[in-house]
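All remarks here apply to the structure that follows.
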Amino acid sequence: MNRPDTLERELTAWFAETASPRVPDYADDIVRLAVGTRQRPRWGFADRWLPSRVTTLARRSSPPRPWRTVGLLAALALAVAAVVGPSVGSLARLPRPYGLAANGLVAYAERGDIYLVDPISGERMPITSGPEEDREPRWSLDGTRLAFLRASGGRDQLAIIEPGRPDRLVTTDAGPYVDTDGIEWSPDGGSIMFVGDHRGVGGLHIMDTTSGAVTNVAVDFDGEAHWRPPDGRQLMFVAHTADGAVVQLLTLADGSVTELGRPSEPDGFIRPTGWTPDGRRAVYMTADGNGTETTHVLDLETGDEVRIGAGFAHVSNDGGRVVGLDRQGYVCVAPSTGGDCVRIGTRDAAYAGTTRASVDWSPDDRWIVVRPEPEVGAILLDPTTMTTERPAWLALGGSSWQRRAP
Amino acid sequence: MDQRELVERAARGDHDAFAMLVGASIARLEAVARLILRDQELARDAVQDAYIRAWRDLPGLRDPDRFDAWLHRLTVNSSLDAIRRRRRRPIEVELSPLLPPTVGDQSGSIADRDQLERAFRHLRADLRAVLVLHYYLGLSASAVAETLDIPTGTAQSRLHRAMAELRAAVAADERLPLDPQAATA
């Protein structure tokens, strides 16, 4: 790795000065409180009885819900169906999974439940309720279903719901740890890729959205992955190799991999951030030892590569632009064919460390939604006028915008 | 008695063994929680929650040698949960400052520390967590990944982004006018 710079040394010293370890006076209280609770019996941990390298697990599970919750959800279903129904009730009106679409409802999490908000009317409607902590909603690419994380018993579960049909909740069979940066619907909606731990197996997994079955993708996975448009038959991901991290393309049918890119220097940083909607150009970023971030737009047919001076870029639905972060941490927009990355807004609009959870283009590319902080109000950036708006309907947050047929 | 034996005994319900494990680790975990949360009371809640989870789930810990990494994970998760719970409450808890710096070599660095403090507060909690694990506990990127149960690449990504955010926040802080009225003049 690179030698620590001045700021890293300052940070280390500041940590040491301000948080010198000391035994708190409540240590004995904690011991008394902890041992006063009951330990889970050894047989209560299912993974003790399963092989540690499980690759496919098929099981469907719907956790028991209190009757109060069921009743409330049933009532909500009628209201939600009236609003969401027009867009999801007819197969003929579903949008294509990639490319421009019309703007639908925006999903967000507030106080442990998932809500939808209509950007036009400002009307809000809850999608989930109950004691579980639900967060990080993601619309399917056809705008018919929502995936979200449900925390229960201290662990995460990936859940899928059809708004207006709470009886169709599908969840993973056991509580995995799920990385909020790593959740992505497949183009056909039949699968969701997620990064995390499932039954003791860490890495990249694919969940069947109908059955809840989870399959581990057996690659030397070392970071973010993206389905390749338009059919999702390939995945771009970071692989761990003897030479360090590289971006590879995995063909799911035969398991073959092709290298797409590697860092600009040994032990450098590399991460895929997406595709153009035709699946022809792969987008990934690198950063050198000085922290200089570069977005690479690689044409897989010609081998031509365009470089943009920004990191953590996210491609617009029409494939013509990327939104990223410049060296000073400002949000900026650049043509995907190359050119300057032009700033939008102030530093307050900067998102942190992820492209999926914190920044999203509206389906019609009219807006860029940014969440500088999880579960805090979102901001709208206008990539045409390069201005910022804070509409009231986004004051409670917004993390995923529903696609509707144009 | 070594730590492995203590872990095995605690997993069988031995209160004294668990108390010794707590005694050996609580100062470190409390510091980690304080740094992530920037709030003394929240840190106490998070540490307490982490140890309760640890006691409850110790029988399921497959490898006693991974106790420290596991405990760090519980603490980070409890800290992030504490923030989520705080957001679910209608009244936000005011952040309180950490303990004042201990006396030491601070030649010419007080202003830098203040900037760091402000910049660090500006970061998202999960990014603060990776910085604390890496720069306070001294864990490598792969150890951070193991602790948080995420791929090494993801840990590297978060470390990289966290430092980039910190740099940008410090730079922005340096550009702020000291006199608020000067900004509007």
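Ordering of the structure tokens sets the chain letters (A, B, ...); residue numbers start at 1 within each chain; ligands are numbered from 1 in the order shown.
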query = Taking only C-alpha atoms into account, which residues of chain A are within 6 Å of chain B, as an NGL selection string?
reply = :A and (12 or 15 or 17-19 or 21-23 or 30-31 or 34 or 39-40 or 42 or 45 or 111 or 196 or 222-223 or 328-329 or 353)
ask   = CA of Leu133 in chain B and CA of Asp326 in chain A, how far apart in Å?
value =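 Separating CA of Asp326 in chain A from CA of Leu133 in chain B is a distance of 26.2 Å.
Straight-line separation from CA of Arg66 in chain B to CA of Asp179 in chain A: 21.2 Å.
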request  = In Å, rounded to a single decimal, give me how far CA of Ala129 in chain B is from CA of Trp70 in chain B.
outcome  =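 Between these atoms lies a distance of 14.7 Å.
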query = Restricting the calculation to only C-alpha atoms, which member of A:Asp142, A:Asp25, A:Asp188, A:Glu224 is positioned closest to His205 in chain A?
reply = A:Glu224
Excluding same-chain residues fewer than 3 positions from Arg124 in chain A, what lies within 10 Å of it counting only C-alpha atoms, as an mmCIF file with N, CA and C atoms, in the first residue's frame?
data_model
loop_
_atom_site.group_PDB
_atom_site.id
_atom_site.type_symbol
_atom_site.label_atom_id
_atom_site.label_comp_id
_atom_site.auth_asym_id
_atom_site.auth_seq_id
_atom_site.Cartn_x
_atom_site.Cartn_y
_atom_site.Cartn_z
ATOM 1 N N VAL A 80 -52.553 1.941 -1.617
ATOM 2 C CA VAL A 80 -51.359 1.934 -2.462
ATOM 3 C C VAL A 80 -51.698 1.439 -3.862
ATOM 4 N N LEU A 105 -43.014 6.907 -8.878
ATOM 5 C CA LEU A 105 -42.964 7.263 -7.457
ATOM 6 C C LEU A 105 -41.553 7.071 -6.910
ATOM 7 N N VAL A 106 -41.228 7.814 -5.891
ATOM 8 C CA VAL A 106 -39.907 7.712 -5.266
ATOM 9 C C VAL A 106 -40.036 6.946 -3.948
ATOM 10 N N ALA A 107 -39.213 5.935 -3.785
ATOM 11 C CA ALA A 107 -39.229 5.132 -2.556
ATOM 12 C C ALA A 107 -38.167 5.639 -1.593
ATOM 13 N N TYR A 115 -41.616 3.935 2.461
ATOM 14 C CA TYR A 115 -42.684 4.803 1.975
ATOM 15 C C TYR A 115 -42.476 5.104 0.497
ATOM 16 N N LEU A 116 -43.583 5.492 -0.155
ATOM 17 C CA LEU A 116 -43.510 6.025 -1.514
ATOM 18 C C LEU A 116 -44.014 7.457 -1.471
ATOM 19 N N VAL A 117 -43.425 8.291 -2.309
ATOM 20 C CA VAL A 117 -43.916 9.658 -2.409
ATOM 21 C C VAL A 117 -44.113 9.984 -3.886
ATOM 22 N N ASP A 118 -45.218 10.648 -4.168
ATOM 23 C CA ASP A 118 -45.517 11.076 -5.529
ATOM 24 C C ASP A 118 -44.897 12.456 -5.735
ATOM 25 N N PRO A 119 -43.929 12.580 -6.638
ATOM 26 C CA PRO A 119 -43.259 13.876 -6.806
ATOM 27 C C PRO A 119 -44.194 14.972 -7.285
ATOM 28 N N SER A 121 -47.765 15.225 -6.674
ATOM 29 C CA SER A 121 -48.749 15.641 -5.670
ATOM 30 C C SER A 121 -48.146 15.793 -4.277
ATOM 31 N N ILE A 127 -45.473 1.607 2.662
ATOM 32 C CA ILE A 127 -45.484 0.307 1.991
ATOM 33 C C ILE A 127 -45.286 -0.815 2.998
ATOM 34 N N TRP A 393 -41.191 17.378 -1.077
ATOM 35 C CA TRP A 393 -41.505 15.952 -1.132
ATOM 36 C C TRP A 393 -40.259 15.073 -0.958
#
